[in-house]
>>> print(open('run_39.txt').read())   # compact mmCIF, C-alpha atoms
# COMPACT_ATOMS: atom_id res chain seq x y z
CA MET Y 29 -6.01 0.17 32.44
CA THR Y 30 -7.67 0.42 29.02
CA ARG Y 31 -6.46 -1.49 25.98
CA LEU Y 32 -5.04 1.71 24.51
CA GLU Y 33 -3.12 2.50 27.70
CA GLN Y 34 -1.69 -1.01 27.71
CA MET Y 35 -0.59 -0.68 24.08
CA LEU Y 36 0.95 2.73 24.69
CA GLY Y 37 3.26 1.09 27.19
CA GLU Y 38 4.63 -1.20 24.49
CA THR Y 39 6.14 -0.65 21.03
CA PRO Y 40 4.47 1.96 18.78
CA TYR Y 41 5.15 -0.34 15.81
CA VAL Y 42 2.32 -2.87 15.79
CA ALA Y 43 1.26 -2.98 12.13
CA TYR Y 44 0.97 -0.73 9.10
CA LEU Y 45 -2.68 -0.09 8.23
CA TYR Y 46 -2.96 0.74 4.51
CA GLY Y 47 -6.37 -0.86 4.17
CA TYR Y 48 -9.08 -2.21 6.42
CA PRO Y 49 -9.79 -5.00 7.10
CA HIS Y 50 -6.34 -6.55 6.77
CA LYS Y 51 -5.80 -9.25 4.14
CA THR Y 52 -5.14 -11.84 6.86
CA ALA Y 53 -8.81 -11.45 7.85
CA TYR Y 54 -9.93 -12.68 4.40
CA ARG Y 55 -11.41 -16.16 4.13
CA PRO Y 56 -12.93 -18.37 1.39
CA PHE Y 57 -16.51 -17.59 0.34
CA THR Y 58 -18.75 -20.66 0.31
CA PRO Y 59 -20.39 -20.54 -2.12
CA ALA Y 60 -18.43 -18.16 -4.32
CA LEU Y 61 -20.07 -14.81 -5.10
CA PRO Y 62 -21.03 -13.76 -8.64
CA LEU Y 63 -18.84 -10.85 -9.72
CA GLU Y 64 -21.82 -8.87 -11.03
CA SER Y 65 -23.60 -9.07 -7.66
CA VAL Y 66 -20.49 -7.84 -5.80
CA TRP Y 67 -20.38 -4.69 -7.93
CA ALA Y 68 -24.15 -4.26 -8.38
CA GLU Y 69 -24.62 -1.41 -5.88
CA GLU Y 70 -21.21 0.22 -6.16
CA ARG Y 71 -20.70 3.71 -7.58
CA ARG Y 72 -18.44 3.52 -10.63
CA ASP Y 73 -17.67 7.15 -11.37
CA ALA Y 74 -14.38 7.50 -9.41
CA LEU Y 75 -12.74 4.11 -9.09
CA PHE Y 76 -9.11 3.28 -8.38
CA LEU Y 77 -7.56 0.86 -10.87
CA TYR Y 78 -4.69 -1.23 -9.53
CA VAL Y 79 -2.76 -3.89 -11.47
CA HIS Y 80 -0.43 -6.25 -9.62
CA VAL Y 81 2.73 -7.72 -11.14
CA PRO Y 82 3.84 -10.42 -8.67
CA PHE Y 83 7.45 -10.73 -9.82
CA CYS Y 84 10.77 -9.34 -8.57
CA GLU Y 85 14.41 -9.78 -9.49
CA MET Y 86 15.10 -10.75 -5.86
CA ARG Y 87 13.30 -11.09 -2.55
CA CYS Y 88 14.37 -8.55 0.06
CA GLY Y 89 14.86 -9.84 3.59
CA PHE Y 90 11.97 -7.79 5.02
CA CYS Y 91 9.47 -8.40 2.21
CA ASN Y 92 6.16 -10.15 2.83
CA LEU Y 93 4.47 -8.89 -0.32
CA PHE Y 94 2.87 -11.31 -2.74
CA THR Y 95 5.72 -11.76 -5.20
CA ALA Y 96 7.96 -14.42 -6.73
CA ALA Y 97 11.64 -13.82 -7.45
CA GLY Y 98 13.35 -14.54 -10.76
CA PRO Y 99 10.47 -15.97 -12.82
CA LYS Y 100 11.13 -17.59 -16.18
CA GLN Y 101 9.71 -15.86 -19.24
CA ASP Y 102 7.09 -18.55 -19.87
CA VAL Y 103 5.73 -17.97 -16.35
CA VAL Y 104 5.50 -14.22 -17.01
CA ASP Y 105 3.83 -14.78 -20.39
CA GLY Y 106 1.30 -17.17 -18.87
CA TYR Y 107 0.53 -14.68 -16.15
CA LEU Y 108 -0.03 -11.81 -18.61
CA ALA Y 109 -2.35 -14.00 -20.67
CA ALA Y 110 -4.44 -14.74 -17.56
CA LEU Y 111 -4.42 -11.04 -16.69
CA GLY Y 112 -5.99 -10.38 -20.06
CA ARG Y 113 -8.73 -12.94 -19.43
CA GLU Y 114 -9.44 -11.45 -16.01
CA THR Y 115 -9.54 -7.90 -17.36
CA ARG Y 116 -12.06 -8.80 -20.06
CA ARG Y 117 -14.33 -10.56 -17.55
CA VAL Y 118 -14.10 -7.66 -15.08
CA LYS Y 119 -15.01 -5.22 -17.84
CA GLU Y 120 -18.07 -7.33 -18.62
CA ALA Y 121 -19.17 -7.16 -14.99
CA LEU Y 122 -18.42 -3.46 -14.48
CA GLY Y 123 -19.96 -2.12 -17.64
CA THR Y 124 -19.49 1.63 -17.89
CA ALA Y 125 -16.97 2.82 -15.32
CA SER Y 126 -14.70 5.82 -14.81
CA PHE Y 127 -11.36 5.75 -13.07
CA ALA Y 128 -9.94 8.56 -10.95
CA ARG Y 129 -6.54 6.97 -10.25
CA ALA Y 130 -4.46 4.12 -11.61
CA ALA Y 131 -1.38 2.34 -10.33
CA LEU Y 132 0.86 -0.51 -11.38
CA GLY Y 133 2.56 -2.23 -8.47
CA GLY Y 134 3.95 -5.47 -7.22
CA GLY Y 135 6.35 -6.98 -6.92
CA THR Y 136 8.33 -4.94 -9.41
CA PRO Y 137 6.37 -4.03 -12.56
CA THR Y 138 9.55 -2.99 -14.39
CA LEU Y 139 10.77 -6.57 -14.23
CA LEU Y 140 8.52 -6.87 -17.30
CA ASP Y 141 10.11 -6.05 -20.61
CA VAL Y 142 8.81 -3.16 -22.73
CA ARG Y 143 6.41 -5.44 -24.58
CA GLY Y 144 5.01 -6.72 -21.30
CA LEU Y 145 4.56 -3.21 -19.95
CA HIS Y 146 2.64 -2.17 -23.07
CA THR Y 147 0.50 -5.30 -22.71
CA VAL Y 148 -0.55 -4.20 -19.23
CA PHE Y 149 -1.27 -0.62 -20.31
CA ASP Y 150 -3.26 -1.88 -23.29
CA LEU Y 151 -5.48 -3.83 -20.89
CA MET Y 152 -5.98 -0.85 -18.59
CA GLU Y 153 -6.67 1.56 -21.41
CA GLY Y 154 -8.01 -0.48 -24.30
CA VAL Y 155 -10.14 -3.00 -22.40
CA LEU Y 156 -11.22 -1.17 -19.25
CA GLY Y 157 -11.26 2.26 -20.88
CA ALA Y 158 -9.16 4.08 -18.28
CA ASP Y 159 -8.10 7.54 -19.44
CA LEU Y 160 -4.48 7.09 -18.43
CA LYS Y 161 -3.35 10.45 -19.80
CA GLY Y 162 -6.13 12.28 -18.00
CA ILE Y 163 -5.73 10.84 -14.49
CA PRO Y 164 -2.79 10.34 -12.10
CA VAL Y 165 -0.94 7.10 -12.91
CA GLY Y 166 1.78 5.68 -10.66
CA VAL Y 167 4.26 2.85 -11.25
CA GLU Y 168 6.64 1.18 -8.81
CA VAL Y 169 10.18 0.53 -10.03
CA SER Y 170 13.48 -0.76 -8.66
CA PRO Y 171 17.03 0.42 -9.39
CA GLU Y 172 17.94 -2.94 -10.92
CA THR Y 173 15.09 -3.08 -13.45
CA VAL Y 174 14.78 0.41 -14.94
CA ASP Y 175 16.35 1.45 -18.19
CA ALA Y 176 15.80 4.31 -20.61
CA GLU Y 177 13.51 2.34 -22.95
CA LYS Y 178 11.21 1.15 -20.16
CA LEU Y 179 10.98 4.63 -18.64
CA ARG Y 180 10.15 6.18 -22.00
CA ALA Y 181 7.43 3.56 -22.46
CA LEU Y 182 5.94 4.34 -19.05
CA ARG Y 183 5.97 8.07 -19.71
CA SER Y 184 4.44 7.65 -23.17
CA ARG Y 185 1.50 5.73 -21.66
CA GLY Y 186 0.62 8.45 -19.16
CA THR Y 187 2.67 7.54 -16.09
CA ASP Y 188 3.30 10.72 -14.11
CA ARG Y 189 4.50 9.27 -10.80
CA VAL Y 190 7.40 6.87 -10.39
CA SER Y 191 8.08 5.35 -6.97
CA ILE Y 192 11.47 3.77 -6.43
CA GLY Y 193 12.39 1.60 -3.47
CA VAL Y 194 15.87 2.72 -2.42
CA GLN Y 195 15.60 1.91 1.33
CA SER Y 196 19.11 3.30 2.05
CA PHE Y 197 21.97 4.96 0.20
CA LEU Y 198 24.45 2.97 2.31
CA GLU Y 199 25.32 -0.44 0.93
CA ALA Y 200 26.06 -1.94 4.35
CA GLU Y 201 22.55 -1.10 5.56
CA VAL Y 202 20.72 -2.64 2.63
CA ALA Y 203 23.00 -5.67 2.80
CA ALA Y 204 21.82 -6.17 6.39
CA VAL Y 205 18.25 -6.63 5.11
CA LYS Y 206 19.37 -8.99 2.33
CA ARG Y 207 19.09 -6.47 -0.48
CA PRO Y 208 22.32 -6.53 -2.48
CA GLN Y 209 22.36 -3.08 -4.03
CA GLN Y 210 25.00 -0.76 -5.39
CA THR Y 211 24.57 2.90 -4.57
CA ALA Y 212 26.03 3.89 -7.94
CA GLN Y 213 23.27 1.91 -9.66
CA VAL Y 214 20.64 3.59 -7.49
CA GLU Y 215 21.95 7.05 -8.36
CA ALA Y 216 22.12 6.20 -12.06
CA ALA Y 217 18.49 5.04 -11.97
CA LEU Y 218 17.41 8.24 -10.23
CA ASP Y 219 19.24 10.37 -12.78
CA LEU Y 220 17.50 8.44 -15.55
CA ILE Y 221 14.06 8.89 -13.97
CA ARG Y 222 14.61 12.62 -13.56
CA SER Y 223 15.86 13.03 -17.12
CA THR Y 224 12.79 11.22 -18.52
CA GLY Y 225 10.56 13.98 -17.18
CA PHE Y 226 8.14 12.33 -14.76
CA PRO Y 227 6.32 15.07 -12.84
CA THR Y 228 6.48 13.17 -9.56
CA LEU Y 229 9.37 11.14 -8.19
CA ASN Y 230 8.85 9.30 -4.93
CA ILE Y 231 11.73 7.72 -3.04
CA ASP Y 232 11.09 5.04 -0.39
CA LEU Y 233 13.48 4.81 2.55
CA ILE Y 234 13.45 2.44 5.53
CA TYR Y 235 14.48 3.18 9.10
CA GLY Y 236 15.30 0.62 11.79
CA MET Y 237 17.75 -1.54 9.85
CA GLU Y 238 20.52 -3.33 11.68
CA GLY Y 239 23.47 -0.99 12.26
CA GLN Y 240 21.53 2.12 11.25
CA THR Y 241 21.94 5.28 13.33
CA VAL Y 242 20.32 8.69 13.31
CA GLU Y 243 23.40 10.02 11.50
CA SER Y 244 23.33 7.33 8.81
CA PHE Y 245 19.58 7.77 8.29
CA LEU Y 246 20.05 11.51 7.83
CA TYR Y 247 22.84 10.74 5.36
CA SER Y 248 20.36 8.77 3.23
CA LEU Y 249 17.80 11.56 3.47
CA ARG Y 250 20.35 14.13 2.31
CA ALA Y 251 21.38 11.82 -0.52
CA ALA Y 252 17.73 11.47 -1.56
CA LEU Y 253 17.19 15.23 -1.58
CA ARG Y 254 19.96 15.64 -4.16
CA PHE Y 255 17.40 14.31 -6.64
CA ASN Y 256 14.74 16.84 -5.55
CA PRO Y 257 11.97 14.25 -5.07
CA GLU Y 258 8.40 15.50 -5.00
CA GLU Y 259 7.57 12.84 -2.39
CA LEU Y 260 9.38 10.71 0.14
CA TYR Y 261 7.98 7.78 2.06
CA LEU Y 262 9.74 6.82 5.28
CA TYR Y 263 8.91 3.25 6.29
CA PRO Y 264 9.73 1.69 9.66
CA LEU Y 265 11.28 -1.74 9.30
CA TYR Y 266 8.88 -4.54 10.14
CA VAL Y 267 10.07 -8.10 10.70
CA ARG Y 268 7.26 -10.40 9.60
CA PRO Y 269 6.68 -14.16 9.67
CA LEU Y 270 8.35 -16.31 6.99
CA THR Y 271 10.61 -13.51 5.72
CA PHE Y 272 14.40 -13.82 5.82
CA LEU Y 273 14.65 -11.39 8.73
CA GLY Y 274 11.76 -13.07 10.50
CA LYS Y 275 13.72 -16.31 10.57
CA LYS Y 276 16.80 -14.76 12.16
CA ALA Y 277 17.18 -15.59 15.84
CA ARG Y 278 17.91 -12.17 17.22
CA ALA Y 279 16.15 -9.45 19.18
CA TRP Y 280 15.29 -6.41 17.06
CA ASP Y 281 16.17 -3.03 18.50
CA ASP Y 282 13.63 -0.24 18.71
CA LEU Y 283 15.47 2.87 17.64
CA ARG Y 284 12.73 3.41 15.08
CA LEU Y 285 10.92 6.16 16.98
CA SER Y 286 14.05 8.28 17.38
CA LEU Y 287 14.93 7.66 13.72
CA TYR Y 288 11.43 8.65 12.65
CA ARG Y 289 11.55 11.87 14.64
CA ALA Y 290 14.94 12.79 13.26
CA GLY Y 291 13.80 12.13 9.71
CA ARG Y 292 10.53 14.00 10.16
CA ASP Y 293 12.18 17.04 11.68
CA PHE Y 294 14.82 17.13 8.95
CA LEU Y 295 12.28 16.96 6.11
CA LEU Y 296 10.10 19.61 7.72
CA SER Y 297 13.18 21.84 7.99
CA GLN Y 298 13.74 21.35 4.26
CA GLY Y 299 10.26 22.59 3.38
CA TYR Y 300 8.46 19.27 3.04
CA THR Y 301 4.92 18.87 4.36
CA GLN Y 302 4.00 15.78 6.35
CA VAL Y 303 0.90 14.15 4.85
CA SER Y 304 0.87 11.03 7.03
CA MET Y 305 3.21 9.09 9.26
CA ARG Y 306 5.01 7.84 6.15
CA MET Y 307 4.44 10.42 3.43
CA PHE Y 308 6.22 13.74 2.98
CA ARG Y 309 5.46 16.05 0.07
CA ALA Y 310 7.57 18.86 -1.39
CA LYS Y 311 6.31 22.36 -2.08
CA HIS Y 312 7.16 21.94 -5.75
CA ALA Y 313 5.07 18.75 -6.10
CA PRO Y 314 2.35 19.17 -8.74
CA ASP Y 315 -1.35 18.97 -7.99
CA LEU Y 316 -2.74 15.53 -8.75
CA GLY Y 317 -5.52 16.83 -10.96
CA GLY Y 318 -8.24 14.66 -12.44
CA PRO Y 319 -11.36 13.42 -10.60
CA VAL Y 320 -11.26 13.25 -6.81
CA TYR Y 321 -10.69 9.82 -5.29
CA ARG Y 322 -11.30 9.18 -1.59
CA CYS Y 323 -10.11 5.77 -0.41
CA GLN Y 324 -12.66 5.61 2.43
CA GLU Y 325 -15.58 6.18 0.03
CA ASP Y 326 -14.71 5.03 -3.49
CA GLY Y 327 -14.16 1.51 -4.80
CA MET Y 328 -11.05 -0.13 -6.15
CA VAL Y 329 -10.68 -2.56 -9.03
CA GLY Y 330 -7.69 -4.82 -8.45
CA LEU Y 331 -6.42 -6.91 -11.35
CA GLY Y 332 -3.86 -9.66 -11.15
CA CYS Y 333 -2.90 -12.32 -8.68
CA GLY Y 334 -2.24 -10.59 -5.35
CA ALA Y 335 -4.36 -7.52 -6.08
CA ARG Y 336 -7.27 -6.60 -3.84
CA SER Y 337 -10.60 -5.14 -4.92
CA TYR Y 338 -12.87 -3.05 -2.71
CA THR Y 339 -16.60 -2.45 -2.89
CA GLY Y 340 -18.73 -1.11 -0.08
CA GLY Y 341 -19.84 -4.54 1.06
CA VAL Y 342 -17.14 -6.94 -0.13
CA HIS Y 343 -13.34 -6.88 -0.27
CA TYR Y 344 -11.78 -9.69 -2.27
CA SER Y 345 -8.54 -10.97 -3.76
CA SER Y 346 -6.67 -14.11 -4.66
CA GLU Y 347 -5.36 -16.11 -1.72
CA TYR Y 348 -2.29 -14.73 0.04
CA ALA Y 349 1.05 -16.31 0.88
CA VAL Y 350 4.64 -15.32 1.67
CA GLY Y 351 6.57 -18.59 1.25
CA SER Y 352 8.06 -18.92 -2.25
CA ARG Y 353 6.54 -22.32 -2.99
CA GLU Y 354 3.04 -21.25 -1.96
CA VAL Y 355 3.31 -18.00 -3.94
CA ARG Y 356 4.38 -19.83 -7.08
CA ASN Y 357 1.55 -22.35 -6.69
CA ILE Y 358 -1.02 -19.55 -6.40
CA ILE Y 359 0.41 -17.78 -9.46
CA ALA Y 360 0.36 -21.05 -11.42
CA ALA Y 361 -3.28 -21.67 -10.50
CA TYR Y 362 -4.20 -18.09 -11.45
CA SER Y 363 -2.46 -18.46 -14.83
CA GLU Y 364 -4.58 -21.52 -15.67
CA ARG Y 365 -7.94 -19.88 -14.95
CA THR Y 366 -10.48 -19.47 -17.71
CA GLU Y 367 -12.15 -16.17 -18.49
CA ALA Y 368 -15.46 -17.52 -17.16
CA SER Y 369 -13.89 -18.46 -13.82
CA PHE Y 370 -13.02 -14.81 -13.18
CA GLY Y 371 -16.74 -14.18 -12.91
CA GLU Y 372 -16.71 -15.65 -9.40
CA VAL Y 373 -15.30 -14.13 -6.22
CA GLY Y 374 -14.04 -16.89 -3.95
CA TYR Y 375 -11.91 -15.25 -1.25
CA GLY Y 376 -12.34 -12.10 0.78
CA PHE Y 377 -14.28 -10.36 3.53
CA ARG Y 378 -17.89 -9.21 3.85
CA LEU Y 379 -18.31 -5.85 5.56
CA ASP Y 380 -21.44 -5.44 7.66
CA THR Y 381 -22.73 -1.99 8.61
CA GLU Y 382 -20.45 -1.70 11.63
CA GLU Y 383 -17.36 -2.67 9.63
CA ARG Y 384 -18.23 -0.18 6.88
CA ARG Y 385 -18.45 2.59 9.44
CA ARG Y 386 -15.23 1.48 11.10
CA ARG Y 387 -13.36 1.37 7.80
CA TYR Y 388 -14.52 4.89 6.89
CA MET Y 389 -13.55 6.20 10.32
CA LEU Y 390 -10.14 4.48 10.36
CA LEU Y 391 -9.02 5.47 6.87
CA SER Y 392 -10.20 9.03 7.46
CA LEU Y 393 -8.46 9.32 10.82
CA LEU Y 394 -5.11 8.13 9.49
CA ALA Y 395 -5.34 10.46 6.48
CA ASP Y 396 -6.80 13.95 6.90
CA GLY Y 397 -9.00 13.32 9.92
CA VAL Y 398 -12.60 12.30 10.63
CA ASP Y 399 -14.98 15.03 9.50
CA LEU Y 400 -17.75 14.46 12.01
CA ALA Y 401 -20.44 16.19 9.91
CA ALA Y 402 -19.49 14.21 6.80
CA TYR Y 403 -19.61 10.99 8.82
CA ARG Y 404 -23.06 11.89 10.13
CA GLN Y 405 -24.31 12.71 6.64
CA ARG Y 406 -23.01 9.43 5.25
CA PHE Y 407 -24.17 7.08 8.00
CA CYS Y 408 -26.98 9.05 9.74
CA THR Y 409 -25.29 8.51 13.07
CA ASP Y 410 -22.54 10.08 15.18
CA ALA Y 411 -18.93 8.89 14.89
CA LEU Y 412 -18.20 9.45 18.57
CA ALA Y 413 -21.33 7.53 19.54
CA ASP Y 414 -20.39 4.66 17.22
CA PHE Y 415 -16.76 4.68 18.37
CA PRO Y 416 -16.56 6.22 21.85
CA GLU Y 417 -13.00 4.92 22.14
CA LEU Y 418 -11.99 7.84 19.92
CA LEU Y 419 -12.40 10.07 22.96
CA GLU Y 420 -9.41 8.27 24.45
CA LEU Y 421 -7.24 9.77 21.73
CA GLU Y 422 -8.05 13.24 23.02
CA ALA Y 423 -7.55 12.18 26.62
CA HIS Y 424 -4.02 10.97 25.84
CA GLY Y 425 -3.09 13.89 23.61
CA LEU Y 426 -3.14 11.76 20.46
CA GLY Y 427 -6.11 13.44 18.81
CA ARG Y 428 -7.76 16.85 18.76
CA ARG Y 429 -11.06 18.19 17.39
CA VAL Y 430 -10.66 21.36 15.35
CA ASP Y 431 -13.55 22.86 13.36
CA GLY Y 432 -15.53 19.64 13.59
CA VAL Y 433 -12.70 17.38 12.39
CA LEU Y 434 -10.96 14.88 14.68
CA ARG Y 435 -7.31 14.78 13.64
CA LEU Y 436 -4.27 13.07 15.05
CA THR Y 437 -1.78 15.30 16.85
CA ASP Y 438 1.95 14.97 16.16
CA ALA Y 439 2.07 12.45 19.01
CA GLY Y 440 -0.80 10.57 17.39
CA VAL Y 441 0.73 10.59 13.92
CA GLU Y 442 3.94 8.98 15.15
CA ARG Y 443 1.82 6.26 16.75
CA SER Y 444 -0.30 5.61 13.66
CA ASP Y 445 0.92 2.01 13.53
CA LEU Y 446 -0.43 1.50 17.04
CA ILE Y 447 -3.67 3.47 16.67
CA GLY Y 448 -4.71 1.63 13.50
CA PRO Y 449 -4.52 -1.87 15.02
CA TRP Y 450 -6.04 -0.57 18.28
CA LEU Y 451 -9.16 0.46 16.37
CA HIS Y 452 -9.62 -2.91 14.61
CA SER Y 453 -12.88 -4.60 15.48
CA GLU Y 454 -12.73 -7.62 17.73
CA ARG Y 455 -13.95 -9.77 14.85
CA VAL Y 456 -11.10 -8.66 12.59
CA ARG Y 457 -8.51 -9.03 15.35
CA ASP Y 458 -9.67 -12.58 16.00
CA MET Y 459 -9.53 -13.52 12.31
CA MET Y 460 -6.06 -12.02 11.91
CA GLN Y 461 -4.89 -13.93 14.98
CA GLU Y 462 -6.28 -17.19 13.60
CA TYR Y 463 -4.67 -16.72 10.17
CA ALA Y 464 -2.16 -19.45 9.34
CA TRP Y 465 0.89 -17.90 7.64
CA ARG Y 466 2.19 -19.87 4.68
>>> encode(input="run_39.txt", output="structure tokens")
Amino acid sequence: MTRLEQMLGETPYVAYLYGYPHKTAYRPFTPALPLESVWAEERRDALFLYVHVPFCEMRCGFCNLFTAAGPKQDVVDGYLAALGRETRRVKEALGTASFARAALGGGTPTLLDVRGLHTVFDLMEGVLGADLKGIPVGVEVSPETVDAEKLRALRSRGTDRVSIGVQSFLEAEVAAVKRPQQTAQVEAALDLIRSTGFPTLNIDLIYGMEGQTVESFLYSLRAALRFNPEELYLYPLYVRPLTFLGKKARAWDDLRLSLYRAGRDFLLSQGYTQVSMRMFRAKHAPDLGGPVYRCQEDGMVGLGCGARSYTGGVHYSSEYAVGSREVRNIIAAYSERTEASFGEVGYGFRLDTEERRRRYMLLSLLADGVDLAAYRQRFCTDALADFPELLELEAHGLGRRVDGVLRLTDAGVERSDLIGPWLHSERVRDMMQEYAWR
């Protein structure tokens, strides 16, 4: 029995792969790397700019993101001051650079007040030179932190996509994942977002919560469609170490696959197109416009504690933690850093040639497929020779080659969270296994 066959006999929900390698494979660099050398050979004509705000009004029971709940204003102000120092030092290292996409995430960026939001946009636009009104700009919000003034500020600075984490329109379901939330407040926030005129509204929903059924999940989907969202993301619930749910002594059911299928089929019946396992896009969604950004090829500049940056040879970030004390300590240390100290990269992962190829293959496969000719042109080798395990996808009906592109079938898409981890290198798997959660 192959490793894939063994995994197919178990849960399809192993891990969500949104980047490769995973952050738990990062380690300290000894000695630290000069920032200029990390970016020296990287193309800078189509970068992704990401700014991380590591603060939330509360910590949801499933959340393992790098964020601290309920910060005092002096902590927020100290963080924004450090963000300014980092941004200026990164600009010095990058020199002339163009950005194809920008996003503000967290955490919950709209926990910042209007002044704080403008501070962040001033850094992105005024220091780094990002053309925020000429490229797609996305911001994550929560029902509890949006108001008319903040939304007008976001729109005035070029934000055209707002993503709101609703998770469920049923209060009992969100209460089960320790997210006290009033549906009336959610609906009021959605009405406000729509009335402010953002071209793209994305609504996040979760399936697999305690007490959830196919019928209740479809109820939330129908409730979401009342707001005519351009995008919906359907996330399976994951119970991770050190989170509130991870500490509960109970066995977690696995209705997620049936819930996923019901949600997928419903959205397809309503005219949505499935872009990935999680993402569904409406026919009325606008074209992104602006320069083309391809995550498997182009670099990313991550600013802020908790953000990750990607170049071809090095991925780096601040250190990662989930526990509240550790997160606050890391934020405090970040906020005390000098501008000069941001010229060193001290924590991350070096990608050798094999890992670069694997990353390109993996991110392509889980998006729009591996274009075998494009892979050959980029690496001067054959993807199926480099990764013969890909042939197993075809053998099990999980992948299919059409016009020179290896794409996941419907059966493969619904097992994306198994296929991604299955294709990790042995080195990355070992490092993730050795990671000490804190």
>>> atom_distance(input="run_39.txt", atom1="atom CA of Y:His343", atom2="atom CA of Y:Arg378")
6.6 Å
>>> residues_around(input="run_39.txt", residues="Y:Asp159", least_positions_apart="2", cutoff="9 Å", atoms="all atoms listed in the file", output="PyMOL selection string")
chain Y and resi 126-128+152-153+157+161-163+186
>>> atom_distance(input="run_39.txt", atom1="atom CA of Y:Asp438", atom2="atom CA of Y:Met237")
23.7 Å
>>> residues_around(input="run_39.txt", residues="stretch 93-96 of chain Y", least_positions_apart="3", cutoff="6 Å", atoms="only C-alpha atoms", output="PyMOL selection string")
chain Y and resi 82-83+135+334
>>> atom_distance(input="run_39.txt", atom1="atom CA of Y:Glu422", atom2="atom CA of Y:Gln324")
22.4 Å
>>> residues_around(input="run_39.txt", residues="stretch 218-233 of chain Y", least_positions_apart="2", cutoff="7 Å", atoms="all atoms listed in the file", output="PDB file with C-alpha atoms, in the coordinates of the input")
ATOM      1  CA  ALA Y 176      15.800   4.310 -20.610  1.00  0.00           C
ATOM      2  CA  LEU Y 179      10.980   4.630 -18.640  1.00  0.00           C
ATOM      3  CA  ARG Y 180      10.150   6.180 -22.000  1.00  0.00           C
ATOM      4  CA  ARG Y 183       5.970   8.070 -19.710  1.00  0.00           C
ATOM      5  CA  ASP Y 188       3.300  10.720 -14.110  1.00  0.00           C
ATOM      6  CA  ARG Y 189       4.500   9.270 -10.800  1.00  0.00           C
ATOM      7  CA  VAL Y 190       7.400   6.870 -10.390  1.00  0.00           C
ATOM      8  CA  SER Y 191       8.080   5.350  -6.970  1.00  0.00           C
ATOM      9  CA  ILE Y 192      11.470   3.770  -6.430  1.00  0.00           C
ATOM     10  CA  GLY Y 193      12.390   1.600  -3.470  1.00  0.00           C
ATOM     11  CA  VAL Y 194      15.870   2.720  -2.420  1.00  0.00           C
ATOM     12  CA  GLN Y 195      15.600   1.910   1.330  1.00  0.00           C
ATOM     13  CA  SER Y 196      19.110   3.300   2.050  1.00  0.00           C
ATOM     14  CA  VAL Y 214      20.640   3.590  -7.490  1.00  0.00           C
ATOM     15  CA  GLU Y 215      21.950   7.050  -8.360  1.00  0.00           C
ATOM     16  CA  ALA Y 216      22.120   6.200 -12.060  1.00  0.00           C
ATOM     17  CA  TYR Y 235      14.480   3.180   9.100  1.00  0.00           C
ATOM     18  CA  PRO Y 257      11.970  14.250  -5.070  1.00  0.00           C
ATOM     19  CA  GLU Y 258       8.400  15.500  -5.000  1.00  0.00           C
ATOM     20  CA  GLU Y 259       7.570  12.840  -2.390  1.00  0.00           C
ATOM     21  CA  LEU Y 260       9.380  10.710   0.140  1.00  0.00           C
ATOM     22  CA  TYR Y 261       7.980   7.780   2.060  1.00  0.00           C
ATOM     23  CA  LEU Y 262       9.740   6.820   5.280  1.00  0.00           C
ATOM     24  CA  TYR Y 263       8.910   3.250   6.290  1.00  0.00           C
ATOM     25  CA  ALA Y 313       5.070  18.750  -6.100  1.00  0.00           C
TER      26      ALA Y 313
END
>>> closest_residue(input="run_39.txt", among="Y:Cys333, Y:Leu451, Y:Val430, Y:Ala360", to="Y:Arg385", atoms="only C-alpha atoms")
Y:Leu451
>>> residues_around(input="run_39.txt", residues="Y:Ser65", least_positions_apart="2", cutoff="12 Å", atoms="all atoms listed in the file", output="list in words")
Ala60, Leu61, Pro62, Leu63, Trp67, Ala68, Glu69, Glu70, Ala121, Leu122, Thr339, Gly341, Val342, Gly371, Glu372 and Val373 of chain Y
>>> closest_atom_pairs(input="run_39.txt", of="stretch 371-405 of chain Y", to="stretch 33-53 of chain Y", cutoff="9 Å", atoms="all atoms listed in the file", output="JSON lines")
{"residue": "Y:Gly376", "atom": "CA", "partner": "Y:Lys51", "partner_atom": "CA", "distance": 7.9}
{"residue": "Y:Phe377", "atom": "CA", "partner": "Y:Ala53", "partner_atom": "CA", "distance": 7.1}
{"residue": "Y:Leu379", "atom": "CA", "partner": "Y:Pro49", "partner_atom": "CA", "distance": 8.7}
{"residue": "Y:Glu383", "atom": "CA", "partner": "Y:Pro49", "partner_atom": "CA", "distance": 8.3}
{"residue": "Y:Arg386", "atom": "CA", "partner": "Y:Tyr48", "partner_atom": "CA", "distance": 8.6}
{"residue": "Y:Arg387", "atom": "CA", "partner": "Y:Tyr48", "partner_atom": "CA", "distance": 5.7}
{"residue": "Y:Tyr388", "atom": "CA", "partner": "Y:Tyr48", "partner_atom": "CA", "distance": 9.0}
{"residue": "Y:Leu390", "atom": "CA", "partner": "Y:Tyr48", "partner_atom": "CA", "distance": 7.8}
{"residue": "Y:Leu391", "atom": "CA", "partner": "Y:Gly47", "partner_atom": "CA", "distance": 7.4}
{"residue": "Y:Leu394", "atom": "CA", "partner": "Y:Leu45", "partner_atom": "CA", "distance": 8.7}
>>> residues_around(input="run_39.txt", residues="Y:Thr124", least_positions_apart="5", cutoff="12 Å", atoms="all atoms listed in the file", output="list in words")
Trp67, Glu70, Arg71, Arg72, Asp73, Ala74, Leu75, Val118, Lys119, Val155, Leu156, Gly157 and Ala158 of chain Y
